[in-house]
Amino acid sequence: MIYLDNAATTKPCKEAVEAMCTAAEAFGNPSSLHGLGLEAEKLIAGSRNTIAQMLGVDSKTLYLTSGGTEANNTAIFGTAYDRAKLGKHLITTKIEHPSVLEAFRKLEKEGFEVTYLSPDKDGRISLEELDSSLRSDTILVSVMHVNNETGVIQPISEIKNIMKKSPKALFHCDCVQSFGKINVKPKKWGIDMISISAHKIHGFKGTGALYLANQKIKPLLYGGEQQNEIRPGTENIGGILAFGAAAQKCITDSGHMTELRKAFIERLNSVPDIKINGSSENNSGSVLNISFVGIKAEILLHALEAHKIYVSTGSACSSHKPQPSHVLTAMGLSKKEIEGAVRISFDESNRMEEITEAAQIIEKEVSNIRRYM
C-alpha cells in the first residue's frame, strides 16, 4: 500500500494507540473527586501541556474539542456573538475549509456582513484587498494557515500587521493542516485564536483543540463547568491522551515532504497536459494538487486504488458533494482543469521509493484513461 492521502487523515501512530489503551484503564471521570477521577484529570493535563508547549502557549489558553470543525465553529460563532455590539463586519477568504465557510454563511443569514477575499492564481490572498476591506466595525478576520487542497501557505504575519489598524478585530487562523508539519507559534505571531486537529498528526479522529489568547468568547455548548465553561462536557480521555502522544512525535520541519513533492513533480514532467495548482514557493510541502487535463479525477483515483495507491480529488469533508472544488474555482481554474484535479498529500513516513513507484503508475494509468476517453 502507498498511502498519499494524509491531508484527509493520517494513520494513528503506535504511541497514540498505546495512549488510547492507557485511557481504557484510567476510565474515571476527570470531574470526579476520587482517585480515579484525579488520575484521569492528571493525564489530560499532561497531554494539554505537551500540545501547549509545542505551540509555545500557556496550557490554560488551550481548549480541547471534538476536532477542527468544532474548534473553527467555536472561534467564529463565539467571537461574532460576543463582539456583535462592537460591529457586525467579518472577513474571511473564498478558499477556507467548509467548517469555516459554512459558519460565515450562517452568520450572514443572521445579519452579519461578510467580506470574502479572493486568492490569486497561485492560491494566495491579496494583502491589498484585505487592507481595503478592513473597517471600523470589523470584529473578526479568519484566514487559514495552510490550504487543505493545495498546501499553499497564507502570509499570516503580514495579515496580522495590517490588522493593527482595526483594534476591534480578532484574528482566527485554521491551522489544522499546518500544526505538526510547520512550527506553529500563535503567541509569537500575535494570532488571537487557532484551531488544530489530532487525526492530521497521527492521533485519532474526534479530538482537536482551540487556542484562545485570553479573550472572552461565547460558548457554543452549555451544561457543565469543564474548561472554564468555554467547552463544557466530559472530556474524551482516550482521544486527548492520543493527541498528546502524537504531538510529542511531531517533526515540525517540512523539508522531507517538500523534497517528496518536488520529486513527484519532476517524475510527472513527461506526462502531457498537466498543471500544478497552487504556489510551490509558498507551500507546506505536504500537498500536491495536480490537474490531468482531459480526464476525470475520480476515474484515475479508482484506477490507482486497484494498485493500492491512495490519493483524493480534494477535501475529504466535501468529497461526496457533486460541486466542483470551491478552492480551485476561486483560483480561476477551468472546468476541465478542476475535473482532472487530484490531491496527493505526503507525510514524514512516506519514502522516496514510494514516490517513484506511484508516479510511474500514475503516468501509465493517465495514458490508459486518455486512450479510452
# chains A, B, ... in the order shown; residues from 1 in each chain; ligands from 1
>>> residues_around(residues="A:Arg343", least_positions_apart="2", cutoff="9 Å", atoms="only C-alpha atoms", output="ChimeraX atom specification")
/A:4-5,7,149-150,287-291,311-315,341,345
>>> select_by_dssp(residues="stretch 112-347 of chain A", states="strand (DSSP E)", output="PyMOL selection string")
chain A and resi 113-117+138-142+170-174+193-197+208-212+274-277+287-292+309-310+341-345
>>> closest_residue(among="A:Gln360, A:Asn350, A:Ser270, A:Ser280", to="A:Met1", atoms="only C-alpha atoms")
A:Asn350
>>> residues_around(residues="A:Ala169", least_positions_apart="3", cutoff="7 Å", atoms="only C-alpha atoms", output="list in words")
Thr138, Ile139, Leu140, Val141 and Ser166 of chain A
>>> residues_around(residues="A:Gly180", least_positions_apart="5", cutoff="12 Å", atoms="only C-alpha atoms", output="ChimeraX atom specification")
/A:10,51,54-55,146,175,185,196-203,243-244,246-254,284,286,347-348
>>> residues_around(residues="stretch 101-103 of chain A", least_positions_apart="6", cutoff="9 Å", atoms="only C-alpha atoms", output="VMD selection string")
chain A and resid 72 to 73 76 to 77 92 to 95
>>> select_by_dssp(residues="stretch 78-252 of chain A", states="helix (DSSP H, G or I)", output="PyMOL selection string")
chain A and resi 78-82+98-109+127-133+156-163+186-189+226-229+237-249
>>> residues_around(residues="A:Ala19", least_positions_apart="5", cutoff="8 Å", atoms="only C-alpha atoms", output="MDAnalysis selection string")
chainID A and resid 238 241:242 245
>>> closest_residue(among="A:Ser195, A:Thr22, A:Gln177, A:Thr9", to="A:Gly239", atoms="only C-alpha atoms")
A:Thr22
>>> atom_distance(atom1="atom CA of A:Arg135", atom2="atom CA of A:Tyr211")
25.2 Å
>>> closest_residue(among="A:Arg48, A:His97, A:Lys85, A:Lys205", to="A:Ala16", atoms="only C-alpha atoms")
A:Lys205
>>> closest_residue(among="A:Cys173, A:Met373, A:Ile237, A:Ala263", to="A:Gly37", atoms="only C-alpha atoms")
A:Ile237
>>> residues_around(residues="A:Lys275", least_positions_apart="5", cutoff="12 Å", atoms="only C-alpha atoms", output="list in words")
Lys121, Asp122, Ile265, Leu268, Asn269, Leu288, Asn289, Ile290, Ser291, Phe292, Val293, Gly294, Leu328, Leu333, Ser334, Lys336, Glu337, Ile338, Gly340, Ala341 and Val342 of chain A
